[in-house]
Structure formats: C-alpha cells, structure tokens
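Colleague: Before I ask anything, here is the structure I am working with.
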Amino acid sequence: QMQQGGSGGGPVQAGGSLRVACSGRVNIATFDCMGWSRQLSGQERAGVATLEYSSGRTEYADDVKGRFTIARDDAKNALYLVMTNLKPEDTGMYFCAAQAGNIGAYCVPGIVAHFGSWGQGTQVTVSP
C-alpha cells in the first residue's frame with residue numbers, strides 16, 4: 001500500500017543531506033502511525049523513525065536522533081525522511097512503512113518491523 005521511487009538516495013558525501021520519500025497507493029490519512037526503517041549491510045532491518053499523526057509525536061532511534069526528521073504531507077499523500085549530517089555508516093536500503101488503526105504507544109521505531117504496509121525501498125549511499 002506504499003510505494004517508493006528510486007530517487008532521493010544519493011550518492012552524497014559524508015556530512016551531506018538527503019530526502020527520501022514514499023507515497024501511498026491508498027489515502028495515507030488512514031494510517032495514524034507511519035515510519036521508516038533501514039537495512040544496513042550485514043544487519044537486520046531496524047526502525048529509525050516513527051510519526052504518530054493524531055498526537056504529532058515523533059520518535060527516533062538513538063543513532064539518528066538529531067540528524068533525521070520524519071514528516072508527512074497528507075495533501076501530497078506522502079511520507080518523508082529528511083537526513084542531515086549523513087555518515088558512511090548510514091548507507092543502506094531505506095523502507096517506509098505504515099500501520100492501520102491507532103496503535104498509540106506502540107508507534108515507536110522498535111515496532112516498525114511489524115507494520116502492515118511497506119514501500120519497496122530506496123538505496124541510500126553516503127561516501128566518505
């Protein structure tokens with residue numbers, strides 16, 4: 001129910017910024033909780049950011065806090081991840097995700113892996 005384009009992932013040099021985006025095949029207003037996860041080389045997929053629309057609450061994984069910002073634009077039916085001060089270790093595949101219904105306190109990065117709707121992924125490449 002989510003779709004991601006292949007663009008927006010760089011490559012970019014360390015310290016640079018990127019914005020990755022995804023859009024909904026359905027109206028994203030049906031999703032109160034949306035998020036991003038990433039799969040780094042040799043690692044399991046891990047949640048990095050979530051946004052609970054009803055409260056405006058955002059949550060971030062410790063290793064991206066202060067550098068990444070999650071945002072959504074319902075008029076464009078889109079979800080974004082704005083990434084600044086990028087590091088080579090941020091290189092990986094980034095996936096948007098959404099969960100139907102109101103999951104309240106479970107709208108956190110640690111739960112993104114269990115969300116029901118996923119984009120196809122965008123490769124992000126950060127060079128030293």
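Simple scheme: letters A, B, ... for chains in structure tokens order, numbers from 1 for residues in each chain, numbers from 1 for ligands in the order shown.
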Determine which residues of chain A DSSP labels as strand (DSSP E) from the backbone of this structure, then write them out as a compact mmCIF listing (two decimals) with all heavy atoms, in the first residue's frame.

Modeller:
# COMPACT_ATOMS: atom_id res chain seq x y z
N MET A 2 2.15 1.09 0.07
CA MET A 2 3.05 2.20 -0.03
C MET A 2 3.95 1.99 -1.23
O MET A 2 4.24 0.85 -1.61
CB MET A 2 3.90 2.33 1.23
CG MET A 2 3.11 2.40 2.53
SD MET A 2 2.00 3.82 2.60
CE MET A 2 3.16 5.17 2.58
N GLN A 3 4.42 3.07 -1.83
CA GLN A 3 5.32 2.96 -2.96
C GLN A 3 6.43 3.97 -2.83
O GLN A 3 6.22 5.09 -2.38
CB GLN A 3 4.58 3.11 -4.28
CG GLN A 3 3.82 4.41 -4.44
CD GLN A 3 2.98 4.42 -5.71
OE1 GLN A 3 2.82 3.40 -6.37
NE2 GLN A 3 2.44 5.56 -6.06
N GLN A 4 7.64 3.56 -3.20
CA GLN A 4 8.80 4.42 -3.14
C GLN A 4 9.43 4.48 -4.52
O GLN A 4 9.58 3.47 -5.20
CB GLN A 4 9.85 3.87 -2.16
CG GLN A 4 9.43 3.95 -0.71
CD GLN A 4 10.47 3.32 0.20
OE1 GLN A 4 10.21 2.30 0.82
NE2 GLN A 4 11.63 3.94 0.31
N VAL A 12 25.82 10.76 -1.88
CA VAL A 12 26.15 12.03 -1.26
C VAL A 12 27.39 11.82 -0.40
O VAL A 12 27.63 10.71 0.09
CB VAL A 12 24.97 12.55 -0.41
CG1 VAL A 12 24.71 11.66 0.78
CG2 VAL A 12 25.19 13.99 0.02
N GLN A 13 28.17 12.88 -0.23
CA GLN A 13 29.35 12.78 0.61
C GLN A 13 28.98 12.89 2.09
O GLN A 13 27.94 13.48 2.44
CB GLN A 13 30.35 13.87 0.25
CG GLN A 13 31.07 13.62 -1.07
CD GLN A 13 32.22 14.57 -1.27
OE1 GLN A 13 32.09 15.76 -0.98
NE2 GLN A 13 33.32 14.07 -1.79
N LEU A 18 20.08 14.36 2.49
CA LEU A 18 19.21 13.73 1.50
C LEU A 18 17.79 13.71 2.03
O LEU A 18 17.58 13.76 3.25
CB LEU A 18 19.63 12.28 1.23
CG LEU A 18 20.90 12.01 0.43
CD1 LEU A 18 21.23 10.52 0.47
CD2 LEU A 18 20.74 12.50 -1.00
N ARG A 19 16.83 13.61 1.11
CA ARG A 19 15.45 13.40 1.49
C ARG A 19 14.92 12.22 0.69
O ARG A 19 14.97 12.23 -0.54
CB ARG A 19 14.59 14.63 1.22
CG ARG A 19 13.16 14.49 1.75
CD ARG A 19 12.29 15.66 1.40
NE ARG A 19 11.84 15.62 0.01
CZ ARG A 19 10.86 16.36 -0.48
NH1 ARG A 19 10.23 17.22 0.30
NH2 ARG A 19 10.51 16.27 -1.74
N VAL A 20 14.43 11.22 1.38
CA VAL A 20 13.77 10.11 0.71
C VAL A 20 12.27 10.22 0.95
O VAL A 20 11.84 10.76 1.98
CB VAL A 20 14.30 8.74 1.18
CG1 VAL A 20 15.74 8.54 0.71
CG2 VAL A 20 14.23 8.59 2.68
N ALA A 21 11.51 9.74 0.00
CA ALA A 21 10.07 9.91 0.05
C ALA A 21 9.35 8.64 -0.34
O ALA A 21 9.90 7.79 -1.05
CB ALA A 21 9.65 11.05 -0.88
N CYS A 22 8.14 8.51 0.13
CA CYS A 22 7.26 7.47 -0.37
C CYS A 22 5.84 8.02 -0.40
O CYS A 22 5.54 9.02 0.26
CB CYS A 22 7.36 6.19 0.46
SG CYS A 22 6.54 6.23 2.05
N SER A 23 5.01 7.40 -1.18
CA SER A 23 3.63 7.82 -1.28
C SER A 23 2.72 6.62 -1.10
O SER A 23 3.16 5.47 -1.21
CB SER A 23 3.37 8.49 -2.64
OG SER A 23 3.64 7.57 -3.69
N GLY A 24 1.48 6.92 -0.83
CA GLY A 24 0.54 5.84 -0.59
C GLY A 24 -0.26 5.48 -1.82
O GLY A 24 -0.68 6.37 -2.55
N CYS A 33 -0.08 5.87 12.32
CA CYS A 33 1.34 5.68 12.60
C CYS A 33 2.07 5.29 11.33
O CYS A 33 1.72 4.33 10.66
CB CYS A 33 1.55 4.61 13.67
SG CYS A 33 3.27 4.37 14.11
N MET A 34 3.10 6.05 11.00
CA MET A 34 3.94 5.76 9.86
C MET A 34 5.39 5.85 10.30
O MET A 34 5.72 6.50 11.29
CB MET A 34 3.67 6.75 8.72
CG MET A 34 2.22 6.77 8.26
SD MET A 34 1.93 7.83 6.83
CE MET A 34 2.59 6.79 5.51
N GLY A 35 6.26 5.18 9.55
CA GLY A 35 7.65 5.17 9.96
C GLY A 35 8.60 4.81 8.86
O GLY A 35 8.20 4.55 7.73
N TRP A 36 9.87 4.84 9.21
CA TRP A 36 10.95 4.44 8.31
C TRP A 36 11.83 3.42 9.02
O TRP A 36 12.09 3.53 10.22
CB TRP A 36 11.80 5.65 7.94
CG TRP A 36 11.12 6.60 7.01
CD1 TRP A 36 10.37 7.69 7.35
CD2 TRP A 36 11.14 6.56 5.59
NE1 TRP A 36 9.91 8.31 6.23
CE2 TRP A 36 10.37 7.65 5.13
CE3 TRP A 36 11.73 5.72 4.64
CZ2 TRP A 36 10.18 7.92 3.77
CZ3 TRP A 36 11.55 5.98 3.30
CH2 TRP A 36 10.77 7.07 2.87
N SER A 37 12.28 2.47 8.25
CA SER A 37 13.28 1.54 8.75
C SER A 37 14.41 1.49 7.73
O SER A 37 14.28 2.00 6.62
CB SER A 37 12.69 0.15 8.96
OG SER A 37 12.37 -0.45 7.71
N ARG A 38 15.51 0.89 8.11
CA ARG A 38 16.62 0.75 7.18
C ARG A 38 17.33 -0.58 7.41
O ARG A 38 17.28 -1.14 8.52
CB ARG A 38 17.62 1.90 7.33
CG ARG A 38 18.36 1.93 8.66
CD ARG A 38 19.28 3.14 8.72
NE ARG A 38 20.03 3.21 9.97
CZ ARG A 38 20.87 4.18 10.28
NH1 ARG A 38 21.06 5.20 9.43
NH2 ARG A 38 21.52 4.15 11.42
N GLN A 39 17.93 -1.06 6.35
CA GLN A 39 18.73 -2.27 6.45
C GLN A 39 20.14 -1.94 5.99
O GLN A 39 20.37 -1.66 4.81
CB GLN A 39 18.14 -3.39 5.60
CG GLN A 39 18.83 -4.73 5.82
CD GLN A 39 18.00 -5.90 5.35
OE1 GLN A 39 17.04 -5.76 4.61
NE2 GLN A 39 18.37 -7.09 5.81
N LEU A 40 21.05 -1.93 6.94
CA LEU A 40 22.44 -1.65 6.66
C LEU A 40 23.14 -2.94 6.27
O LEU A 40 22.65 -4.03 6.56
CB LEU A 40 23.11 -1.01 7.87
CG LEU A 40 22.39 0.22 8.44
CD1 LEU A 40 23.16 0.77 9.63
CD2 LEU A 40 22.17 1.28 7.39
N ALA A 46 16.03 -2.41 10.73
CA ALA A 46 15.77 -1.76 12.02
C ALA A 46 15.01 -0.45 11.81
O ALA A 46 15.32 0.29 10.87
CB ALA A 46 17.08 -1.50 12.76
N GLY A 47 14.06 -0.19 12.68
CA GLY A 47 13.31 1.06 12.60
C GLY A 47 14.18 2.24 12.98
O GLY A 47 15.02 2.14 13.88
N VAL A 48 13.99 3.37 12.29
CA VAL A 48 14.76 4.56 12.61
C VAL A 48 13.89 5.73 13.03
O VAL A 48 14.36 6.61 13.76
CB VAL A 48 15.67 5.00 11.43
CG1 VAL A 48 16.74 3.97 11.16
CG2 VAL A 48 14.87 5.29 10.19
N ALA A 49 12.63 5.78 12.60
CA ALA A 49 11.80 6.92 12.95
C ALA A 49 10.33 6.56 12.81
O ALA A 49 9.97 5.76 11.94
CB ALA A 49 12.11 8.10 12.03
N THR A 50 9.51 7.16 13.66
CA THR A 50 8.06 6.99 13.57
C THR A 50 7.38 8.33 13.81
O THR A 50 7.93 9.21 14.48
CB THR A 50 7.52 5.98 14.59
OG1 THR A 50 8.00 6.32 15.90
CG2 THR A 50 7.92 4.56 14.24
N LEU A 51 6.19 8.45 13.27
CA LEU A 51 5.37 9.64 13.46
C LEU A 51 3.94 9.21 13.73
O LEU A 51 3.35 8.48 12.92
CB LEU A 51 5.43 10.54 12.21
CG LEU A 51 4.77 11.91 12.30
CD1 LEU A 51 5.41 12.88 11.30
CD2 LEU A 51 3.28 11.87 12.06
N GLU A 52 3.40 9.64 14.86
CA GLU A 52 2.01 9.37 15.20
C GLU A 52 1.22 10.62 14.84
O GLU A 52 1.35 11.66 15.49
CB GLU A 52 1.86 9.05 16.69
CG GLU A 52 0.44 8.67 17.08
CD GLU A 52 0.30 8.43 18.58
OE1 GLU A 52 0.97 9.13 19.36
OE2 GLU A 52 -0.48 7.53 18.95
N ARG A 57 3.45 13.19 17.71
CA ARG A 57 4.64 12.65 18.37
C ARG A 57 5.55 11.96 17.36
O ARG A 57 5.11 11.16 16.55
CB ARG A 57 4.23 11.67 19.46
CG ARG A 57 5.38 11.01 20.20
CD ARG A 57 4.84 10.14 21.35
NE ARG A 57 3.92 9.11 20.86
CZ ARG A 57 4.31 7.90 20.51
NH1 ARG A 57 5.60 7.57 20.54
NH2 ARG A 57 3.42 7.01 20.10
N THR A 58 6.83 12.28 17.43
CA THR A 58 7.83 11.59 16.63
C THR A 58 8.83 10.91 17.56
O THR A 58 9.07 11.36 18.68
CB THR A 58 8.59 12.57 15.71
OG1 THR A 58 9.18 13.61 16.50
CG2 THR A 58 7.66 13.19 14.69
N GLU A 59 9.36 9.81 17.09
CA GLU A 59 10.36 9.06 17.85
C GLU A 59 11.48 8.66 16.89
O GLU A 59 11.23 8.38 15.72
CB GLU A 59 9.74 7.79 18.45
CG GLU A 59 8.58 8.02 19.41
CD GLU A 59 9.01 8.48 20.78
OE1 GLU A 59 10.23 8.45 21.05
OE2 GLU A 59 8.16 8.87 21.58
N TYR A 60 12.70 8.63 17.43
CA TYR A 60 13.86 8.31 16.60
C TYR A 60 14.76 7.31 17.30
O TYR A 60 14.89 7.32 18.52
CB TYR A 60 14.65 9.58 16.28
CG TYR A 60 13.87 10.61 15.50
CD1 TYR A 60 13.15 11.60 16.14
CD2 TYR A 60 13.83 10.55 14.11
CE1 TYR A 60 12.41 12.53 15.42
CE2 TYR A 60 13.10 11.48 13.38
CZ TYR A 60 12.38 12.46 14.04
OH TYR A 60 11.66 13.38 13.32
N PHE A 68 18.06 13.05 11.69
CA PHE A 68 16.97 12.67 10.79
C PHE A 68 15.66 13.29 11.27
O PHE A 68 15.43 13.43 12.48
CB PHE A 68 16.80 11.16 10.75
CG PHE A 68 17.90 10.41 10.04
CD1 PHE A 68 19.11 11.01 9.69
CD2 PHE A 68 17.74 9.07 9.72
CE1 PHE A 68 20.11 10.31 9.05
CE2 PHE A 68 18.73 8.34 9.07
CZ PHE A 68 19.92 8.97 8.74
N THR A 69 14.77 13.61 10.32
CA THR A 69 13.46 14.15 10.64
C THR A 69 12.42 13.44 9.78
O THR A 69 12.58 13.36 8.55
CB THR A 69 13.39 15.66 10.38
OG1 THR A 69 14.38 16.32 11.16
CG2 THR A 69 12.01 16.20 10.74
N ILE A 70 11.39 12.93 10.42
CA ILE A 70 10.30 12.29 9.70
C ILE A 70 9.15 13.29 9.56
O ILE A 70 8.87 14.05 10.49
CB ILE A 70 9.82 11.00 10.41
CG1 ILE A 70 8.74 10.28 9.60
CG2 ILE A 70 9.34 11.30 11.83
CD1 ILE A 70 8.37 8.91 10.17
N ALA A 71 8.53 13.31 8.41
CA ALA A 71 7.43 14.24 8.18
C ALA A 71 6.47 13.63 7.17
O ALA A 71 6.86 12.79 6.36
CB ALA A 71 7.96 15.57 7.65
N ARG A 72 5.24 14.05 7.24
CA ARG A 72 4.26 13.60 6.26
C ARG A 72 3.48 14.77 5.71
O ARG A 72 3.31 15.79 6.40
CB ARG A 72 3.32 12.54 6.84
CG ARG A 72 2.42 12.99 7.95
CD ARG A 72 1.67 11.81 8.57
NE ARG A 72 0.38 11.59 7.94
CZ ARG A 72 -0.44 10.59 8.27
NH1 ARG A 72 -0.07 9.70 9.17
NH2 ARG A 72 -1.61 10.46 7.67
N ASP A 73 3.03 14.66 4.49
CA ASP A 73 2.24 15.69 3.83
C ASP A 73 0.99 15.00 3.28
O ASP A 73 1.04 14.36 2.24
CB ASP A 73 3.06 16.34 2.71
CG ASP A 73 2.34 17.51 2.06
OD1 ASP A 73 1.09 17.57 2.13
OD2 ASP A 73 3.01 18.39 1.50
N ALA A 78 2.07 11.80 1.05
CA ALA A 78 3.47 11.40 1.05
C ALA A 78 4.07 11.40 2.45
O ALA A 78 3.65 12.15 3.33
CB ALA A 78 4.29 12.33 0.15
N LEU A 79 5.07 10.56 2.63
CA LEU A 79 5.87 10.48 3.85
C LEU A 79 7.32 10.73 3.48
O LEU A 79 7.78 10.25 2.44
CB LEU A 79 5.73 9.10 4.51
CG LEU A 79 6.51 8.89 5.80
CD1 LEU A 79 5.84 9.65 6.95
CD2 LEU A 79 6.61 7.41 6.13
N TYR A 80 8.02 11.47 4.31
CA TYR A 80 9.40 11.84 4.02
C TYR A 80 10.33 11.48 5.18
O TYR A 80 9.91 11.43 6.33
CB TYR A 80 9.52 13.34 3.76
CG TYR A 80 8.63 13.86 2.68
CD1 TYR A 80 7.44 14.53 2.98
CD2 TYR A 80 8.96 13.70 1.33
CE1 TYR A 80 6.62 15.01 1.99
CE2 TYR A 80 8.14 14.18 0.33
CZ TYR A 80 6.97 14.84 0.66
OH TYR A 80 6.15 15.31 -0.33
N LEU A 81 11.59 11.28 4.84
CA LEU A 81 12.66 11.19 5.83
C LEU A 81 13.76 12.12 5.37
O LEU A 81 14.39 11.89 4.33
CB LEU A 81 13.18 9.76 5.97
CG LEU A 81 14.22 9.56 7.08
CD1 LEU A 81 13.58 9.74 8.45
CD2 LEU A 81 14.87 8.17 6.98
N VAL A 82 13.95 13.20 6.13
CA VAL A 82 14.99 14.17 5.82
C VAL A 82 16.22 13.80 6.65
O VAL A 82 16.14 13.73 7.87
CB VAL A 82 14.53 15.60 6.12
CG1 VAL A 82 15.65 16.59 5.85
CG2 VAL A 82 13.28 15.94 5.31
N MET A 83 17.32 13.59 5.98
CA MET A 83 18.53 13.11 6.64
C MET A 83 19.64 14.14 6.47
O MET A 83 19.96 14.53 5.34
CB MET A 83 18.96 11.77 6.04
CG MET A 83 17.88 10.70 6.12
SD MET A 83 18.33 9.14 5.33
CE MET A 83 18.19 9.63 3.61
N GLY A 92 22.61 2.26 3.16
CA GLY A 92 21.77 1.07 3.24
C GLY A 92 20.48 1.28 2.49
O GLY A 92 20.29 2.28 1.81
N MET A 93 19.56 0.34 2.63
CA MET A 93 18.25 0.41 2.00
C MET A 93 17.25 0.95 3.01
O MET A 93 17.17 0.45 4.14
CB MET A 93 17.82 -0.97 1.51
CG MET A 93 16.58 -0.97 0.64
SD MET A 93 16.85 -0.23 -0.97
CE MET A 93 17.73 -1.56 -1.78
N TYR A 94 16.50 1.95 2.60
CA TYR A 94 15.54 2.61 3.48
C TYR A 94 14.13 2.31 3.01
O TYR A 94 13.81 2.46 1.82
CB TYR A 94 15.79 4.13 3.50
CG TYR A 94 17.00 4.49 4.31
CD1 TYR A 94 18.29 4.17 3.88
CD2 TYR A 94 16.87 5.15 5.53
CE1 TYR A 94 19.40 4.49 4.64
CE2 TYR A 94 17.99 5.47 6.29
CZ TYR A 94 19.24 5.13 5.85
OH TYR A 94 20.35 5.44 6.61
N PHE A 95 13.28 1.91 3.96
CA PHE A 95 11.92 1.49 3.67
C PHE A 95 10.92 2.34 4.45
O PHE A 95 11.11 2.55 5.66
CB PHE A 95 11.70 0.02 4.07
CG PHE A 95 12.60 -0.95 3.38
CD1 PHE A 95 13.85 -1.26 3.91
CD2 PHE A 95 12.20 -1.58 2.22
CE1 PHE A 95 14.69 -2.17 3.28
CE2 PHE A 95 13.02 -2.49 1.58
CZ PHE A 95 14.27 -2.78 2.12
N CYS A 96 9.87 2.81 3.79
CA CYS A 96 8.79 3.44 4.52
C CYS A 96 7.79 2.36 4.93
O CYS A 96 7.71 1.30 4.30
CB CYS A 96 8.12 4.53 3.69
SG CYS A 96 7.23 3.96 2.24
N ALA A 97 7.05 2.63 5.98
CA ALA A 97 6.10 1.66 6.49
C ALA A 97 4.94 2.40 7.14
O ALA A 97 5.08 3.53 7.60
CB ALA A 97 6.77 0.73 7.50
N ALA A 98 3.80 1.72 7.20
CA ALA A 98 2.62 2.32 7.79
C ALA A 98 1.79 1.23 8.47
O ALA A 98 1.81 0.06 8.04
CB ALA A 98 1.78 3.02 6.72
N GLN A 99 1.09 1.64 9.51
CA GLN A 99 0.25 0.70 10.24
C GLN A 99 -1.15 1.27 10.36
O GLN A 99 -1.32 2.39 10.84
CB GLN A 99 0.83 0.43 11.63
CG GLN A 99 0.00 -0.50 12.48
CD GLN A 99 -0.15 -1.87 11.82
OE1 GLN A 99 0.79 -2.43 11.27
NE2 GLN A 99 -1.36 -2.40 11.89
N SER A 117 2.10 -2.31 6.17
CA SER A 117 2.25 -1.83 4.80
C SER A 117 3.66 -1.31 4.59
O SER A 117 4.19 -0.58 5.43
CB SER A 117 1.26 -0.70 4.52
OG SER A 117 -0.06 -1.17 4.66
N TRP A 118 4.27 -1.67 3.44
CA TRP A 118 5.68 -1.35 3.20
C TRP A 118 5.91 -0.81 1.80
O TRP A 118 5.24 -1.22 0.85
CB TRP A 118 6.52 -2.62 3.37
CG TRP A 118 6.64 -3.03 4.78
CD1 TRP A 118 5.80 -3.82 5.51
CD2 TRP A 118 7.68 -2.63 5.68
NE1 TRP A 118 6.24 -3.94 6.79
CE2 TRP A 118 7.40 -3.23 6.93
CE3 TRP A 118 8.81 -1.85 5.55
CZ2 TRP A 118 8.22 -3.05 8.04
CZ3 TRP A 118 9.63 -1.67 6.66
CH2 TRP A 118 9.32 -2.27 7.88
N THR A 122 14.45 2.34 -0.87
CA THR A 122 15.29 3.29 -1.61
C THR A 122 16.71 3.12 -1.12
O THR A 122 16.97 3.16 0.08
CB THR A 122 14.84 4.74 -1.38
OG1 THR A 122 13.49 4.91 -1.81
CG2 THR A 122 15.74 5.71 -2.12
N GLN A 123 17.65 2.93 -2.04
CA GLN A 123 19.05 2.79 -1.67
C GLN A 123 19.62 4.17 -1.35
O GLN A 123 19.50 5.10 -2.14
CB GLN A 123 19.86 2.15 -2.80
CG GLN A 123 21.35 2.05 -2.52
CD GLN A 123 21.67 1.12 -1.36
OE1 GLN A 123 21.04 0.08 -1.17
NE2 GLN A 123 22.68 1.50 -0.57
N VAL A 124 20.22 4.28 -0.17
CA VAL A 124 20.92 5.50 0.24
C VAL A 124 22.41 5.19 0.32
O VAL A 124 22.81 4.22 0.95
CB VAL A 124 20.39 5.99 1.61
CG1 VAL A 124 21.28 7.10 2.17
CG2 VAL A 124 18.95 6.45 1.48
N VAL A 126 26.20 6.91 1.09
CA VAL A 126 26.98 8.02 1.63
C VAL A 126 28.46 7.66 1.49
O VAL A 126 28.91 6.65 2.04
CB VAL A 126 26.64 8.29 3.09
CG1 VAL A 126 27.39 9.52 3.60
CG2 VAL A 126 25.14 8.46 3.28
N SER A 127 29.20 8.49 0.77
CA SER A 127 30.62 8.22 0.56
C SER A 127 31.44 8.98 1.61
O SER A 127 31.02 10.02 2.10
CB SER A 127 31.04 8.63 -0.84
OG SER A 127 30.79 10.01 -1.03

Colleague: Run DSSP on the backbone and grab whatever in region 7-127 of chain A lands in helix (DSSP H, G or I); send it over as a list in words.

Modeller: Ile28, Ala29, Thr30, Pro88, Glu89, Asp90, Gly104, Ala105, Tyr106, Pro109, Gly110, Ile111, Val112, Ala113 and His114 of chain A

Colleague: Please produce a file of the residues just selected, as an mmCIF file, in the first residue's frame, where the atoms kept are all heavy atoms.

Modeller:
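Generated file (result39.cif):
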data_model
loop_
_atom_site.group_PDB
_atom_site.id
_atom_site.type_symbol
_atom_site.label_atom_id
_atom_site.label_comp_id
_atom_site.auth_asym_id
_atom_site.auth_seq_id
_atom_site.Cartn_x
_atom_site.Cartn_y
_atom_site.Cartn_z
ATOM 1 N N ILE A 28 -3.199 8.052 2.730
ATOM 2 C CA ILE A 28 -2.407 7.817 3.946
ATOM 3 C C ILE A 28 -3.094 8.341 5.190
ATOM 4 O O ILE A 28 -2.655 8.056 6.300
ATOM 5 C CB ILE A 28 -0.978 8.390 3.850
ATOM 6 C CG1 ILE A 28 -0.982 9.913 3.797
ATOM 7 C CG2 ILE A 28 -0.227 7.795 2.673
ATOM 8 C CD1 ILE A 28 0.401 10.528 3.969
ATOM 9 N N ALA A 29 -4.182 9.090 5.005
ATOM 10 C CA ALA A 29 -4.929 9.544 6.176
ATOM 11 C C ALA A 29 -5.486 8.361 6.975
ATOM 12 O O ALA A 29 -5.855 8.522 8.141
ATOM 13 C CB ALA A 29 -6.063 10.470 5.743
ATOM 14 N N THR A 30 -5.513 7.191 6.363
ATOM 15 C CA THR A 30 -5.989 6.001 7.080
ATOM 16 C C THR A 30 -4.944 5.452 8.055
ATOM 17 O O THR A 30 -5.254 4.598 8.868
ATOM 18 C CB THR A 30 -6.375 4.888 6.093
ATOM 19 O OG1 THR A 30 -5.210 4.497 5.346
ATOM 20 C CG2 THR A 30 -7.454 5.355 5.138
ATOM 21 N N PRO A 88 28.955 7.668 6.422
ATOM 22 C CA PRO A 88 29.060 6.464 5.571
ATOM 23 C C PRO A 88 28.315 5.268 6.158
ATOM 24 O O PRO A 88 27.759 4.457 5.414
ATOM 25 C CB PRO A 88 30.571 6.225 5.498
ATOM 26 C CG PRO A 88 31.161 7.582 5.658
ATOM 27 C CD PRO A 88 30.268 8.285 6.649
ATOM 28 N N GLU A 89 28.253 5.177 7.473
ATOM 29 C CA GLU A 89 27.553 4.061 8.104
ATOM 30 C C GLU A 89 26.034 4.152 7.993
ATOM 31 O O GLU A 89 25.322 3.243 8.409
ATOM 32 C CB GLU A 89 27.958 3.912 9.575
ATOM 33 C CG GLU A 89 27.868 5.187 10.393
ATOM 34 C CD GLU A 89 29.194 5.927 10.492
ATOM 35 O OE1 GLU A 89 29.920 6.034 9.458
ATOM 36 O OE2 GLU A 89 29.507 6.427 11.605
ATOM 37 N N ASP A 90 25.519 5.261 7.427
ATOM 38 C CA ASP A 90 24.092 5.371 7.140
ATOM 39 C C ASP A 90 23.739 4.706 5.811
ATOM 40 O O ASP A 90 22.558 4.598 5.457
ATOM 41 C CB ASP A 90 23.654 6.835 7.089
ATOM 42 C CG ASP A 90 23.734 7.525 8.440
ATOM 43 O OD1 ASP A 90 23.321 6.914 9.449
ATOM 44 O OD2 ASP A 90 24.185 8.697 8.468
ATOM 45 N N GLY A 104 -1.208 3.812 19.240
ATOM 46 C CA GLY A 104 -0.805 4.569 20.404
ATOM 47 C C GLY A 104 0.669 4.471 20.737
ATOM 48 O O GLY A 104 1.537 4.763 19.914
ATOM 49 N N ALA A 105 0.947 4.011 21.944
ATOM 50 C CA ALA A 105 2.312 3.970 22.450
ATOM 51 C C ALA A 105 3.201 3.003 21.673
ATOM 52 O O ALA A 105 4.425 3.040 21.826
ATOM 53 C CB ALA A 105 2.319 3.595 23.923
ATOM 54 N N TYR A 106 2.618 2.127 20.855
ATOM 55 C CA TYR A 106 3.412 1.191 20.060
ATOM 56 C C TYR A 106 3.942 1.829 18.786
ATOM 57 O O TYR A 106 4.638 1.180 18.009
ATOM 58 C CB TYR A 106 2.596 -0.055 19.731
ATOM 59 C CG TYR A 106 2.337 -0.916 20.940
ATOM 60 C CD1 TYR A 106 1.118 -0.836 21.610
ATOM 61 C CD2 TYR A 106 3.315 -1.777 21.428
ATOM 62 C CE1 TYR A 106 0.882 -1.608 22.730
ATOM 63 C CE2 TYR A 106 3.080 -2.548 22.546
ATOM 64 C CZ TYR A 106 1.858 -2.461 23.196
ATOM 65 O OH TYR A 106 1.631 -3.215 24.309
ATOM 66 N N PRO A 109 10.036 3.316 16.875
ATOM 67 C CA PRO A 109 10.899 2.646 15.896
ATOM 68 C C PRO A 109 11.060 1.145 16.122
ATOM 69 O O PRO A 109 11.186 0.391 15.163
ATOM 70 C CB PRO A 109 12.230 3.387 16.060
ATOM 71 C CG PRO A 109 11.824 4.768 16.463
ATOM 72 C CD PRO A 109 10.650 4.558 17.381
ATOM 73 N N GLY A 110 11.045 0.717 17.373
ATOM 74 C CA GLY A 110 11.244 -0.697 17.648
ATOM 75 C C GLY A 110 10.134 -1.599 17.147
ATOM 76 O O GLY A 110 10.299 -2.818 17.094
ATOM 77 N N ILE A 111 9.000 -0.995 16.756
ATOM 78 C CA ILE A 111 7.847 -1.773 16.324
ATOM 79 C C ILE A 111 7.651 -1.694 14.816
ATOM 80 O O ILE A 111 6.838 -2.415 14.247
ATOM 81 C CB ILE A 111 6.573 -1.301 17.061
ATOM 82 C CG1 ILE A 111 6.781 -1.349 18.573
ATOM 83 C CG2 ILE A 111 5.355 -2.145 16.699
ATOM 84 C CD1 ILE A 111 7.017 -2.758 19.116
ATOM 85 N N VAL A 112 8.407 -0.843 14.140
ATOM 86 C CA VAL A 112 8.215 -0.633 12.701
ATOM 87 C C VAL A 112 8.270 -1.948 11.925
ATOM 88 O O VAL A 112 7.545 -2.138 10.957
ATOM 89 C CB VAL A 112 9.254 0.372 12.148
ATOM 90 C CG1 VAL A 112 9.153 0.464 10.627
ATOM 91 C CG2 VAL A 112 9.021 1.755 12.743
ATOM 92 N N ALA A 113 9.136 -2.865 12.355
ATOM 93 C CA ALA A 113 9.291 -4.133 11.637
ATOM 94 C C ALA A 113 7.982 -4.906 11.564
ATOM 95 O O ALA A 113 7.822 -5.769 10.693
ATOM 96 C CB ALA A 113 10.365 -4.989 12.302
ATOM 97 N N HIS A 114 7.037 -4.603 12.444
ATOM 98 C CA HIS A 114 5.768 -5.333 12.498
ATOM 99 C C HIS A 114 4.637 -4.608 11.782
ATOM 100 O O HIS A 114 3.501 -5.079 11.793
ATOM 101 C CB HIS A 114 5.384 -5.589 13.950
ATOM 102 C CG HIS A 114 6.404 -6.361 14.705
ATOM 103 N ND1 HIS A 114 6.573 -7.727 14.544
ATOM 104 C CD2 HIS A 114 7.356 -5.965 15.601
ATOM 105 C CE1 HIS A 114 7.561 -8.131 15.334
ATOM 106 N NE2 HIS A 114 8.053 -7.087 15.971
#

Colleague: Quick one, how far is CA of Lys65 (chain A) from CA of Arg45 (chain A)?

Modeller: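 Answer for the CA of Lys65 (chain A) to CA of Arg45 (chain A) separation: 17.5 Å.
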
Colleague: Tell me which of A:Asn77, A:Thr125, A:Ser54, A:Gln43 sits closest to Cys107 (chain A), counting only C-alpha atoms.

Modeller: A:Ser54

Colleague: So which one's closest to Thr91 (chain A), A:Ser17, A:Asp74, A:Asp32, A:Ser41? Using only C-alpha atoms, please.

Modeller: A:Ser41

Colleague: Could you jot down the CA of Asn27 (chain A) to CA of Tyr53 (chain A) separation for me, Å, one decimal place?

Modeller: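 Straight-line distance from CA of Asn27 (chain A) to CA of Tyr53 (chain A) works out to 13.6 Å.
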